[in-house]
2 protein chains.
Amino acid sequence: MLQVAVIGCGMTPFGEHYGKSLRSLVEDAYLGAVKSVDKGFDPQEIQAVWYGTLASSWASFPIPDFTGLRELPVSRLENACATGSDAFRNACFSVMAGAYDVVLVIGAEKMNDEPCQSLWDYQAMENWNIGRSMPGVFALRATRHMYQFGTKREQLAMVSVKNHHNGSLNTRAHFRFETTVEKVVGSRMIAYPLGLLDCCPMTDGAAAAIICRADIARKYTDAPVQVAGLGLATDTSFGAMTDEQLVGFPTTTKAAREAYRMAKLEPKDVDVAELHDCFTITELVSYEDLGFCPKGEGGKFVEDGRASLEGDMPVNPSGGLLAKGHPTGATGVAQIVEIFEQLRGQSGKRQVPAAEVGLTHNLGVAPEGSVGLVTIMRRSR
Amino acid sequence: MLQVAVIGCGMTPFGEHYGKSLRSLVEDAYLGAVKSVDKGFDPQEIQAVWYGTLASSWASFPIPDFTGLRELPVSRLENACATGSDAFRNACFSVMAGAYDVVLVIGAEKMNDEPCQSLWDYQAMENWNIGRSMPGVFALRATRHMYQFGTKREQLAMVSVKNHHNGSLNTRAHFRFETTVEKVVGSRMIAYPLGLLDCCPMTDGAAAAIICRADIARKYTDAPVQVAGLGLATDTSFGAMTDEQLVGFPTTTKAAREAYRMAKLEPKDVDVAELHDCFTITELVSYEDLGFCPKGEGGKFVEDGRASLEGDMPVNPSGGLLAKGHPTGATGVAQIVEIFEQLRGQSGKRQVPAAEVGLTHNLGVAPEGSVGLVTIMRRSR
């Protein structure tokens, strides 16, 4: 298996982009990635593209028009909230296979505009009356976690406080305000115990990464970041709900196991992580599922400050989905962008000191099933 | 790069399957593929799945429920009419990379039921009034080909006659009737010069293939089929219409070049092909784009009988999209099924004698862009 390195990354500010087309968002992320390559990069070197979007467009059709990259192989991936990261994973396989030397990955979503908006409306209409809204699905996990492990409402809120603090330091974050435990606990109730500030916003944005064979990476940069592990798992969801599935996401655990094995690393080796905090409970449970702490101790983990920027296992330095935002197709790629910059020491005020190994994690849950995806990256020496 | 082999294939009969769920179609194709493995196959050996569907479901969610394969990595690919074949291509890369040893590929579509039906209605509403229906898009190419190269209406009809004949020999084909040049030319006008019998039907169905590392393939079968070449290309469509794009599909040419190069083969080495005959003109033009004959001579190629079962370059022995049908997500995988069986001498009355090398080809065209995908397979010695 050939090794893969990330040599450049770019992303748009995340937020509500009614004033920008999908084309404009993709273009900005793509050109940002090209410009980020230290020693200069000619887009002509790109041999193939993987494009992740959940519902903002279809097929691979937009890419040649949006980027000017004509007649290249372009695949479109869609895998719920793991769409962007699965596009990245499939792109990596093509380089590991030796099929291409240099590949572009793009993730993009306009959540607040058509055709996405109709999809959310449709899903809400179909599921809302029986409580199967997204907040409702995750709220079930929160109450069960509180019941089974004594997790406190305030501990859920601490995830939000931490991530909003980090987001306040990130110029590309959708929300840049600080909050407090009291404000989160007192925020408008969405689905008990989750209030408005326990939920990620509807965000537009795009992100891009340029990857290549690791053995040619130093032609482009002196600080390439190696892709060390990739893990994915899909399973049924409500169809077979077990105790294990109520207080955790087995697809995360399975995906993490695959990624750790491929990387020959363990949870304790991870220095910084971007987790899928679509809701506060999701981040808390994912500490456990990823092996950062034992099952049931996620609440204590965040309360002890271990996941904070100055903790021993900083989680979501970017602000995460809660503050940076969650444009589905872009989210997984934007996590790659954050870890790429963290491992290269380019994260400014939210820099995690001396990070050598980084992890990204996406989770998708719907009545039809669940998906987990974990990527592990490490600084090249 | 590791080599990849196909060891088993299955598919449902193609047709209108109002009486069967998507789950049932996927299950039938999957179990058919498992049963087709000569020396027996334990589904537990499957390590990952690639799932291609254009619009029948979303994410990778249905697979664990439909197949019973729990907690595996499942990716969902969507790439217009090349959806199934791009799922196959991405699956191949993962095996070539050494990430997995045994992988399942599934393509499925219920074209005649929701949620697909709404999509077609929406596209028709949006585009029909200005002539940009699918038949309209391809009819433009037909009139231009007739104008520029003297291609005759009857030659287009001969593609339909040939493929309906082949379909009449295929128990899994949607249409199993013979037709004549007179009937095709006289069929209800859809978009000049294309009549009803120049157009593929709306078909439901599913297809599956099991692939593995070539070096372990003989554990499963004495007649594995090697994946020799894979090529994909995406480009703008109406945005930059050139003369070349009016009488051919540059994405096909580009994809074919990539596949031939990877396989170290030339067009003359191909013994049997499944082409994307969504309309008669598409097959005729694709003879040229794939290098089976010079540009402009597609009409003569079919008139001379070279593409017939008993010709020197049999095309669409299965009946093709015109007679077998075109359930978008399943189409590319079903082409793999046909070539797999042809190269193993299992095609009964429509068997192409002594076929060693086979090719499949998909094409997707929309106002937003075009995509071409070519796969080359060869009999293992």
# chains A, B, ... in the order shown; residues from 1 in each chain; ligands from 1

call {"tool": "interface_residues", "arguments": {"of": "chain B", "to": "chain A", "cutoff": "8 Å", "atoms": "only C-alpha atoms", "output": "VMD selection string"}}
result
chain B and resid 1 to 2 58 to 65 70 to 80 86 90 93 to 99 231 to 236 250 to 251 254 to 255 368 to 371

call {"tool": "select_by_dssp", "arguments": {"residues": "range 225-313 of chain A", "states": "helix (DSSP H, G or I)", "output": "mmCIF file with all heavy atoms, in the first residue's frame"}}
result
data_model
loop_
_atom_site.group_PDB
_atom_site.id
_atom_site.type_symbol
_atom_site.label_atom_id
_atom_site.label_comp_id
_atom_site.auth_asym_id
_atom_site.auth_seq_id
_atom_site.Cartn_x
_atom_site.Cartn_y
_atom_site.Cartn_z
ATOM 1 N N PHE A 238 -32.529 2.307 14.153
ATOM 2 C CA PHE A 238 -33.671 2.009 15.001
ATOM 3 C C PHE A 238 -34.152 0.568 14.852
ATOM 4 O O PHE A 238 -34.806 0.033 15.734
ATOM 5 C CB PHE A 238 -34.832 2.946 14.663
ATOM 6 C CG PHE A 238 -34.546 4.354 15.042
ATOM 7 C CD1 PHE A 238 -35.011 5.394 14.277
ATOM 8 C CD2 PHE A 238 -33.807 4.636 16.177
ATOM 9 C CE1 PHE A 238 -34.758 6.715 14.637
ATOM 10 C CE2 PHE A 238 -33.553 5.943 16.546
ATOM 11 C CZ PHE A 238 -34.032 6.986 15.769
ATOM 12 N N GLY A 239 -33.819 -0.020 13.699
ATOM 13 C CA GLY A 239 -34.315 -1.355 13.432
ATOM 14 C C GLY A 239 -33.874 -2.357 14.484
ATOM 15 O O GLY A 239 -34.545 -3.340 14.740
ATOM 16 N N ALA A 240 -32.728 -2.123 15.092
ATOM 17 C CA ALA A 240 -32.201 -3.097 16.042
ATOM 18 C C ALA A 240 -31.528 -2.339 17.180
ATOM 19 O O ALA A 240 -30.329 -2.383 17.358
ATOM 20 C CB ALA A 240 -31.199 -4.016 15.355
ATOM 21 N N ASP A 243 -29.059 -1.787 24.025
ATOM 22 C CA ASP A 243 -28.556 -0.917 25.083
ATOM 23 C C ASP A 243 -27.286 -0.209 24.621
ATOM 24 O O ASP A 243 -27.097 0.978 24.843
ATOM 25 C CB ASP A 243 -28.237 -1.746 26.337
ATOM 26 C CG ASP A 243 -29.511 -2.068 27.113
ATOM 27 O OD1 ASP A 243 -30.597 -1.667 26.655
ATOM 28 O OD2 ASP A 243 -29.403 -2.715 28.161
ATOM 29 N N GLU A 244 -26.424 -0.986 23.940
ATOM 30 C CA GLU A 244 -25.149 -0.445 23.470
ATOM 31 C C GLU A 244 -25.382 0.727 22.512
ATOM 32 O O GLU A 244 -24.661 1.712 22.540
ATOM 33 C CB GLU A 244 -24.378 -1.572 22.771
ATOM 34 C CG GLU A 244 -22.921 -1.266 22.496
ATOM 35 C CD GLU A 244 -22.316 -2.301 21.556
ATOM 36 O OE1 GLU A 244 -23.057 -3.154 21.008
ATOM 37 O OE2 GLU A 244 -21.092 -2.246 21.360
ATOM 38 N N GLN A 245 -26.443 0.611 21.678
ATOM 39 C CA GLN A 245 -26.721 1.655 20.698
ATOM 40 C C GLN A 245 -27.392 2.866 21.320
ATOM 41 O O GLN A 245 -27.451 3.920 20.714
ATOM 42 C CB GLN A 245 -27.594 1.097 19.563
ATOM 43 C CG GLN A 245 -26.808 0.231 18.585
ATOM 44 C CD GLN A 245 -27.707 -0.389 17.525
ATOM 45 O OE1 GLN A 245 -28.705 -1.016 17.855
ATOM 46 N NE2 GLN A 245 -27.358 -0.221 16.270
ATOM 47 N N LEU A 246 -27.910 2.721 22.535
ATOM 48 C CA LEU A 246 -28.554 3.857 23.191
ATOM 49 C C LEU A 246 -27.553 4.744 23.928
ATOM 50 O O LEU A 246 -27.782 5.927 24.109
ATOM 51 C CB LEU A 246 -29.633 3.365 24.175
ATOM 52 C CG LEU A 246 -31.040 3.250 23.607
ATOM 53 C CD1 LEU A 246 -31.969 2.611 24.614
ATOM 54 C CD2 LEU A 246 -31.582 4.616 23.184
ATOM 55 N N PRO A 250 -22.043 2.221 17.975
ATOM 56 C CA PRO A 250 -21.125 1.123 17.620
ATOM 57 C C PRO A 250 -20.397 1.356 16.294
ATOM 58 O O PRO A 250 -19.284 0.857 16.111
ATOM 59 C CB PRO A 250 -22.058 -0.091 17.532
ATOM 60 C CG PRO A 250 -23.198 0.240 18.441
ATOM 61 C CD PRO A 250 -23.387 1.723 18.300
ATOM 62 N N THR A 251 -21.018 2.128 15.387
ATOM 63 C CA THR A 251 -20.316 2.377 14.121
ATOM 64 C C THR A 251 -19.076 3.242 14.358
ATOM 65 O O THR A 251 -18.070 3.082 13.668
ATOM 66 C CB THR A 251 -21.245 3.066 13.096
ATOM 67 O OG1 THR A 251 -21.916 4.159 13.719
ATOM 68 C CG2 THR A 251 -22.272 2.084 12.571
ATOM 69 N N THR A 252 -19.137 4.153 15.329
ATOM 70 C CA THR A 252 -17.937 4.931 15.667
ATOM 71 C C THR A 252 -16.846 4.005 16.203
ATOM 72 O O THR A 252 -15.689 4.068 15.774
ATOM 73 C CB THR A 252 -18.255 5.994 16.743
ATOM 74 O OG1 THR A 252 -19.158 6.957 16.205
ATOM 75 C CG2 THR A 252 -16.986 6.705 17.202
ATOM 76 N N THR A 253 -17.233 3.145 17.146
ATOM 77 C CA THR A 253 -16.271 2.231 17.758
ATOM 78 C C THR A 253 -15.614 1.345 16.702
ATOM 79 O O THR A 253 -14.397 1.153 16.691
ATOM 80 C CB THR A 253 -16.985 1.345 18.804
ATOM 81 O OG1 THR A 253 -17.755 2.198 19.650
ATOM 82 C CG2 THR A 253 -16.001 0.552 19.623
ATOM 83 N N LYS A 254 -16.454 0.838 15.784
ATOM 84 C CA LYS A 254 -15.940 -0.062 14.745
ATOM 85 C C LYS A 254 -15.019 0.693 13.783
ATOM 86 O O LYS A 254 -13.949 0.209 13.414
ATOM 87 C CB LYS A 254 -17.120 -0.675 13.983
ATOM 88 C CG LYS A 254 -16.751 -1.648 12.897
ATOM 89 C CD LYS A 254 -16.319 -2.989 13.458
ATOM 90 C CE LYS A 254 -15.585 -3.837 12.432
ATOM 91 N NZ LYS A 254 -16.225 -3.888 11.117
ATOM 92 N N ALA A 255 -15.434 1.882 13.389
ATOM 93 C CA ALA A 255 -14.618 2.686 12.470
ATOM 94 C C ALA A 255 -13.298 3.067 13.123
ATOM 95 O O ALA A 255 -12.234 3.029 12.493
ATOM 96 C CB ALA A 255 -15.388 3.943 12.049
ATOM 97 N N ALA A 256 -13.362 3.424 14.413
ATOM 98 C CA ALA A 256 -12.145 3.810 15.136
ATOM 99 C C ALA A 256 -11.187 2.632 15.225
ATOM 100 O O ALA A 256 -9.975 2.785 15.023
ATOM 101 C CB ALA A 256 -12.502 4.307 16.533
ATOM 102 N N ARG A 257 -11.723 1.449 15.507
ATOM 103 C CA ARG A 257 -10.870 0.261 15.613
ATOM 104 C C ARG A 257 -10.110 0.034 14.304
ATOM 105 O O ARG A 257 -8.910 -0.223 14.290
ATOM 106 C CB ARG A 257 -11.748 -0.956 15.950
ATOM 107 C CG ARG A 257 -10.984 -2.112 16.553
ATOM 108 C CD ARG A 257 -11.917 -3.278 16.882
ATOM 109 N NE ARG A 257 -13.040 -2.889 17.708
ATOM 110 C CZ ARG A 257 -14.300 -3.341 17.561
ATOM 111 N NH1 ARG A 257 -14.582 -4.216 16.612
ATOM 112 N NH2 ARG A 257 -15.253 -2.940 18.363
ATOM 113 N N GLU A 258 -10.836 0.177 13.182
ATOM 114 C CA GLU A 258 -10.216 -0.016 11.866
ATOM 115 C C GLU A 258 -9.128 1.042 11.617
ATOM 116 O O GLU A 258 -8.044 0.729 11.134
ATOM 117 C CB GLU A 258 -11.305 0.049 10.771
ATOM 118 C CG GLU A 258 -10.817 -0.347 9.391
ATOM 119 C CD GLU A 258 -11.907 -0.264 8.307
ATOM 120 O OE1 GLU A 258 -13.093 -0.081 8.649
ATOM 121 O OE2 GLU A 258 -11.561 -0.374 7.116
ATOM 122 N N ALA A 259 -9.429 2.287 11.979
ATOM 123 C CA ALA A 259 -8.465 3.372 11.729
ATOM 124 C C ALA A 259 -7.230 3.239 12.625
ATOM 125 O O ALA A 259 -6.095 3.420 12.168
ATOM 126 C CB ALA A 259 -9.142 4.723 11.955
ATOM 127 N N TYR A 260 -7.439 2.929 13.906
ATOM 128 C CA TYR A 260 -6.303 2.754 14.822
ATOM 129 C C TYR A 260 -5.406 1.603 14.346
ATOM 130 O O TYR A 260 -4.190 1.694 14.360
ATOM 131 C CB TYR A 260 -6.790 2.453 16.252
ATOM 132 C CG TYR A 260 -7.381 3.636 16.997
ATOM 133 C CD1 TYR A 260 -8.600 3.526 17.668
ATOM 134 C CD2 TYR A 260 -6.707 4.854 17.069
ATOM 135 C CE1 TYR A 260 -9.149 4.594 18.373
ATOM 136 C CE2 TYR A 260 -7.246 5.934 17.768
ATOM 137 C CZ TYR A 260 -8.470 5.799 18.416
ATOM 138 O OH TYR A 260 -8.991 6.865 19.107
ATOM 139 N N ARG A 261 -6.044 0.506 13.922
ATOM 140 C CA ARG A 261 -5.266 -0.655 13.475
ATOM 141 C C ARG A 261 -4.426 -0.298 12.250
ATOM 142 O O ARG A 261 -3.242 -0.613 12.166
ATOM 143 C CB ARG A 261 -6.216 -1.821 13.151
ATOM 144 C CG ARG A 261 -5.486 -3.135 12.864
ATOM 145 C CD ARG A 261 -6.458 -4.297 12.707
ATOM 146 N NE ARG A 261 -7.471 -3.974 11.718
ATOM 147 C CZ ARG A 261 -8.775 -4.177 11.867
ATOM 148 N NH1 ARG A 261 -9.222 -4.732 12.965
ATOM 149 N NH2 ARG A 261 -9.629 -3.857 10.916
ATOM 150 N N MET A 262 -5.050 0.387 11.298
ATOM 151 C CA MET A 262 -4.326 0.767 10.078
ATOM 152 C C MET A 262 -3.162 1.706 10.414
ATOM 153 O O MET A 262 -2.083 1.606 9.826
ATOM 154 C CB MET A 262 -5.302 1.443 9.110
ATOM 155 C CG MET A 262 -4.710 1.811 7.775
ATOM 156 S SD MET A 262 -6.055 2.380 6.659
ATOM 157 C CE MET A 262 -5.070 3.243 5.415
ATOM 158 N N ALA A 263 -3.392 2.608 11.373
ATOM 159 C CA ALA A 263 -2.363 3.597 11.742
ATOM 160 C C ALA A 263 -1.343 3.029 12.722
ATOM 161 O O ALA A 263 -0.323 3.660 12.990
ATOM 162 C CB ALA A 263 -3.030 4.826 12.361
ATOM 163 N N PRO A 267 -5.690 5.161 21.106
ATOM 164 C CA PRO A 267 -6.324 6.429 21.477
ATOM 165 C C PRO A 267 -5.366 7.358 22.227
ATOM 166 O O PRO A 267 -5.388 8.574 22.016
ATOM 167 C CB PRO A 267 -7.486 5.979 22.380
ATOM 168 C CG PRO A 267 -7.828 4.610 21.895
ATOM 169 C CD PRO A 267 -6.536 3.989 21.453
ATOM 170 N N LYS A 268 -4.514 6.808 23.100
ATOM 171 C CA LYS A 268 -3.618 7.655 23.894
ATOM 172 C C LYS A 268 -2.573 8.365 23.029
ATOM 173 O O LYS A 268 -1.940 9.327 23.468
ATOM 174 C CB LYS A 268 -2.945 6.833 24.998
ATOM 175 C CG LYS A 268 -1.951 5.790 24.496
ATOM 176 C CD LYS A 268 -1.195 5.131 25.660
ATOM 177 C CE LYS A 268 -0.348 3.942 25.172
ATOM 178 N NZ LYS A 268 0.545 4.248 24.034
ATOM 179 N N ASP A 269 -2.384 7.896 21.787
ATOM 180 C CA ASP A 269 -1.410 8.540 20.904
ATOM 181 C C ASP A 269 -1.961 9.804 20.252
ATOM 182 O O ASP A 269 -1.206 10.586 19.671
ATOM 183 C CB ASP A 269 -0.975 7.569 19.800
ATOM 184 C CG ASP A 269 -0.308 6.329 20.362
ATOM 185 O OD1 ASP A 269 0.510 6.480 21.296
ATOM 186 O OD2 ASP A 269 -0.608 5.217 19.883
ATOM 187 N N THR A 280 -24.433 18.292 21.743
ATOM 188 C CA THR A 280 -23.448 18.134 22.819
ATOM 189 C C THR A 280 -23.311 16.675 23.246
ATOM 190 O O THR A 280 -22.201 16.195 23.469
ATOM 191 C CB THR A 280 -23.847 18.988 24.041
ATOM 192 O OG1 THR A 280 -25.237 18.743 24.351
ATOM 193 C CG2 THR A 280 -23.652 20.475 23.754
ATOM 194 N N ILE A 281 -24.439 15.945 23.295
ATOM 195 C CA ILE A 281 -24.376 14.544 23.718
ATOM 196 C C ILE A 281 -23.500 13.721 22.765
ATOM 197 O O ILE A 281 -22.829 12.768 23.179
ATOM 198 C CB ILE A 281 -25.798 13.922 23.843
ATOM 199 C CG1 ILE A 281 -25.738 12.452 24.298
ATOM 200 C CG2 ILE A 281 -26.556 14.005 22.537
ATOM 201 C CD1 ILE A 281 -25.150 12.242 25.667
ATOM 202 N N THR A 282 -23.503 14.087 21.491
ATOM 203 C CA THR A 282 -22.739 13.315 20.501
ATOM 204 C C THR A 282 -21.245 13.392 20.796
ATOM 205 O O THR A 282 -20.524 12.394 20.726
ATOM 206 C CB THR A 282 -23.011 13.831 19.075
ATOM 207 O OG1 THR A 282 -24.345 14.300 18.996
ATOM 208 C CG2 THR A 282 -22.769 12.740 18.060
ATOM 209 N N GLU A 283 -20.758 14.605 21.149
ATOM 210 C CA GLU A 283 -19.337 14.722 21.473
ATOM 211 C C GLU A 283 -19.010 13.939 22.742
ATOM 212 O O GLU A 283 -18.020 13.204 22.798
ATOM 213 C CB GLU A 283 -18.919 16.189 21.645
ATOM 214 C CG GLU A 283 -17.457 16.303 22.090
ATOM 215 C CD GLU A 283 -16.854 17.690 21.984
ATOM 216 O OE1 GLU A 283 -17.180 18.419 21.023
ATOM 217 O OE2 GLU A 283 -16.027 18.042 22.841
ATOM 218 N N LEU A 284 -19.878 14.083 23.734
ATOM 219 C CA LEU A 284 -19.638 13.436 25.024
ATOM 220 C C LEU A 284 -19.547 11.908 24.874
ATOM 221 O O LEU A 284 -18.649 11.246 25.406
ATOM 222 C CB LEU A 284 -20.768 13.839 25.974
ATOM 223 C CG LEU A 284 -20.587 13.564 27.455
ATOM 224 C CD1 LEU A 284 -21.268 14.645 28.291
ATOM 225 C CD2 LEU A 284 -21.141 12.212 27.827
ATOM 226 N N VAL A 285 -20.482 11.352 24.110
ATOM 227 C CA VAL A 285 -20.508 9.903 23.879
ATOM 228 C C VAL A 285 -19.321 9.467 23.014
ATOM 229 O O VAL A 285 -18.785 8.367 23.169
ATOM 230 C CB VAL A 285 -21.857 9.526 23.226
ATOM 231 C CG1 VAL A 285 -21.765 8.208 22.488
ATOM 232 C CG2 VAL A 285 -22.954 9.485 24.275
ATOM 233 N N SER A 286 -18.903 10.344 22.100
ATOM 234 C CA SER A 286 -17.823 9.977 21.182
ATOM 235 C C SER A 286 -16.466 9.920 21.887
ATOM 236 O O SER A 286 -15.578 9.177 21.464
ATOM 237 C CB SER A 286 -17.779 10.947 19.994
ATOM 238 O OG SER A 286 -19.012 10.889 19.282
ATOM 239 N N TYR A 287 -16.266 10.713 22.974
ATOM 240 C CA TYR A 287 -15.038 10.551 23.783
ATOM 241 C C TYR A 287 -14.891 9.073 24.148
ATOM 242 O O TYR A 287 -13.805 8.501 24.106
ATOM 243 C CB TYR A 287 -15.116 11.318 25.112
ATOM 244 C CG TYR A 287 -15.304 12.809 25.065
ATOM 245 C CD1 TYR A 287 -16.026 13.455 26.087
ATOM 246 C CD2 TYR A 287 -14.748 13.594 24.064
ATOM 247 C CE1 TYR A 287 -16.196 14.832 26.101
ATOM 248 C CE2 TYR A 287 -14.917 14.975 24.065
ATOM 249 C CZ TYR A 287 -15.651 15.588 25.092
ATOM 250 O OH TYR A 287 -15.823 16.945 25.112
ATOM 251 N N GLU A 288 -16.032 8.494 24.558
ATOM 252 C CA GLU A 288 -16.043 7.105 25.021
ATOM 253 C C GLU A 288 -15.861 6.132 23.857
ATOM 254 O O GLU A 288 -15.041 5.210 23.916
ATOM 255 C CB GLU A 288 -17.361 6.825 25.753
ATOM 256 C CG GLU A 288 -17.642 7.822 26.880
ATOM 257 C CD GLU A 288 -19.081 7.779 27.382
ATOM 258 O OE1 GLU A 288 -19.873 6.955 26.879
ATOM 259 O OE2 GLU A 288 -19.423 8.584 28.287
ATOM 260 N N ASP A 289 -16.630 6.360 22.784
ATOM 261 C CA ASP A 289 -16.593 5.438 21.647
ATOM 262 C C ASP A 289 -15.221 5.418 20.964
ATOM 263 O O ASP A 289 -14.831 4.420 20.373
ATOM 264 C CB ASP A 289 -17.662 5.822 20.617
ATOM 265 C CG ASP A 289 -19.074 5.592 21.136
ATOM 266 O OD1 ASP A 289 -19.229 4.823 22.104
ATOM 267 O OD2 ASP A 289 -20.009 6.181 20.569
ATOM 268 N N GLY A 298 -17.758 10.120 29.939
ATOM 269 C CA GLY A 298 -17.653 11.287 29.062
ATOM 270 C C GLY A 298 -17.954 12.594 29.783
ATOM 271 O O GLY A 298 -17.324 13.620 29.520
ATOM 272 N N GLY A 299 -18.917 12.560 30.670
ATOM 273 C CA GLY A 299 -19.278 13.769 31.416
ATOM 274 C C GLY A 299 -18.116 14.273 32.259
ATOM 275 O O GLY A 299 -17.784 15.463 32.248
ATOM 276 N N LYS A 300 -17.502 13.362 32.980
ATOM 277 C CA LYS A 300 -16.343 13.712 33.810
ATOM 278 C C LYS A 300 -15.188 14.215 32.934
ATOM 279 O O LYS A 300 -14.466 15.152 33.294
ATOM 280 C CB LYS A 300 -15.913 12.468 34.595
ATOM 281 C CG LYS A 300 -14.792 12.684 35.600
ATOM 282 C CD LYS A 300 -14.563 11.422 36.440
ATOM 283 C CE LYS A 300 -13.481 11.607 37.501
ATOM 284 N NZ LYS A 300 -12.309 12.371 37.112
ATOM 285 N N PHE A 301 -15.034 13.593 31.764
ATOM 286 C CA PHE A 301 -13.942 13.940 30.845
ATOM 287 C C PHE A 301 -13.980 15.418 30.470
ATOM 288 O O PHE A 301 -12.970 16.119 30.520
ATOM 289 C CB PHE A 301 -14.049 13.060 29.588
ATOM 290 C CG PHE A 301 -12.869 13.128 28.658
ATOM 291 C CD1 PHE A 301 -11.715 12.402 28.915
ATOM 292 C CD2 PHE A 301 -12.914 13.908 27.500
ATOM 293 C CE1 PHE A 301 -10.630 12.446 28.041
ATOM 294 C CE2 PHE A 301 -11.839 13.964 26.623
ATOM 295 C CZ PHE A 301 -10.693 13.226 26.896
ATOM 296 N N VAL A 302 -15.186 15.892 30.122
ATOM 297 C CA VAL A 302 -15.295 17.298 29.729
ATOM 298 C C VAL A 302 -15.257 18.202 30.967
ATOM 299 O O VAL A 302 -14.644 19.283 30.943
ATOM 300 C CB VAL A 302 -16.553 17.561 28.859
ATOM 301 C CG1 VAL A 302 -17.850 17.372 29.646
ATOM 302 C CG2 VAL A 302 -16.506 18.961 28.242
ATOM 303 N N GLU A 303 -15.866 17.760 32.065
ATOM 304 C CA GLU A 303 -15.888 18.577 33.281
ATOM 305 C C GLU A 303 -14.468 18.790 33.822
ATOM 306 O O GLU A 303 -14.137 19.871 34.336
ATOM 307 C CB GLU A 303 -16.765 17.919 34.361
ATOM 308 C CG GLU A 303 -16.915 18.787 35.600
ATOM 309 C CD GLU A 303 -18.043 18.331 36.534
ATOM 310 O OE1 GLU A 303 -18.606 17.238 36.297
ATOM 311 O OE2 GLU A 303 -18.357 19.095 37.466
#

call {"tool": "atom_distance", "arguments": {"atom1": "CA of Gly320 in chain B", "atom2": "CA of Cys200 in chain B"}}
result
8.7 Å

call {"tool": "closest_residue", "arguments": {"among": "A:Gln117, A:Thr360, A:Ser318, A:Thr12", "to": "Asn170 in chain A", "atoms": "only C-alpha atoms"}}
result
A:Ser318

call {"tool": "residues_around", "arguments": {"residues": "range 134-145 of chain A", "least_positions_apart": "5", "cutoff": "8 Å", "atoms": "only C-alpha atoms", "output": "VMD selection string"}}
result
chain A and resid 150 to 151 190 to 194 199 246 to 248 279 281 to 282 296 366

call {"tool": "residues_around", "arguments": {"residues": "range 171-178 of chain B", "least_positions_apart": "4", "cutoff": "6 Å", "atoms": "only C-alpha atoms", "output": "list in words"}}
result
Pro13, Phe14, Gly15, His164, His165, Gly167, Ala323, Lys324 and Gly325 of chain B

call {"tool": "residues_around", "arguments": {"residues": "Ser160 in chain B", "least_positions_apart": "5", "cutoff": "8 Å", "atoms": "only C-alpha atoms", "output": "JSON list (two decimals) with C-alpha atoms, in the first residue's frame"}}
result
[["chain", "number", "residue", "atom", "x", "y", "z"],
["B", 179, "THR", "CA", -38.50, -5.54, -33.88],
["B", 184, "VAL", "CA", -38.51, 1.50, -35.27],
["B", 197, "LEU", "CA", -38.14, 2.34, -30.10],
["B", 198, "ASP", "CA", -34.94, 4.43, -30.20],
["B", 280, "THR", "CA", -29.80, 4.42, -30.53],
["B", 322, "LEU", "CA", -32.72, -0.40, -25.04]]

call {"tool": "atom_distance", "arguments": {"atom1": "CA of Glu356 in chain B", "atom2": "CA of Asp42 in chain B"}}
result
28.4 Å

call {"tool": "select_by_dssp", "arguments": {"residues": "range 60-130 of chain B", "states": "strand (DSSP E or B)", "output": "PyMOL selection string"}}
result
chain B and resi 72+74-77+79+81+102-110

call {"tool": "closest_residue", "arguments": {"among": "B:Tyr18, B:Phe340, B:Val272, B:Leu104", "to": "Gln44 in chain B", "atoms": "only C-alpha atoms"}}
result
B:Leu104

call {"tool": "closest_residue", "arguments": {"among": "B:Leu25, B:Cys116, B:Val37, B:Val181", "to": "Lys219 in chain B", "atoms": "only C-alpha atoms"}}
result
B:Val37

call {"tool": "atom_distance", "arguments": {"atom1": "CA of Ala334 in chain B", "atom2": "CA of Ala223 in chain B"}}
result
18.8 Å

call {"tool": "residues_around", "arguments": {"residues": "Leu359 in chain B", "least_positions_apart": "5", "cutoff": "8 Å", "atoms": "only C-alpha atoms", "output": "ChimeraX atom specification"}}
result
/B:270,272-274,339,374-377

call {"tool": "closest_residue", "arguments": {"among": "A:Trp50, A:Phe88, A:Phe249, A:Tyr30", "to": "Val227 in chain A", "atoms": "only C-alpha atoms"}}
result
A:Phe88

call {"tool": "residues_around", "arguments": {"residues": "Thr67 in chain B", "least_positions_apart": "5", "cutoff": "10 Å", "atoms": "only C-alpha atoms", "output": "list in words"}}
result
Arg23, Ser24, Val26, Glu27, Asp28, Tyr30, Leu31, Pro43 and Pro62 of chain B
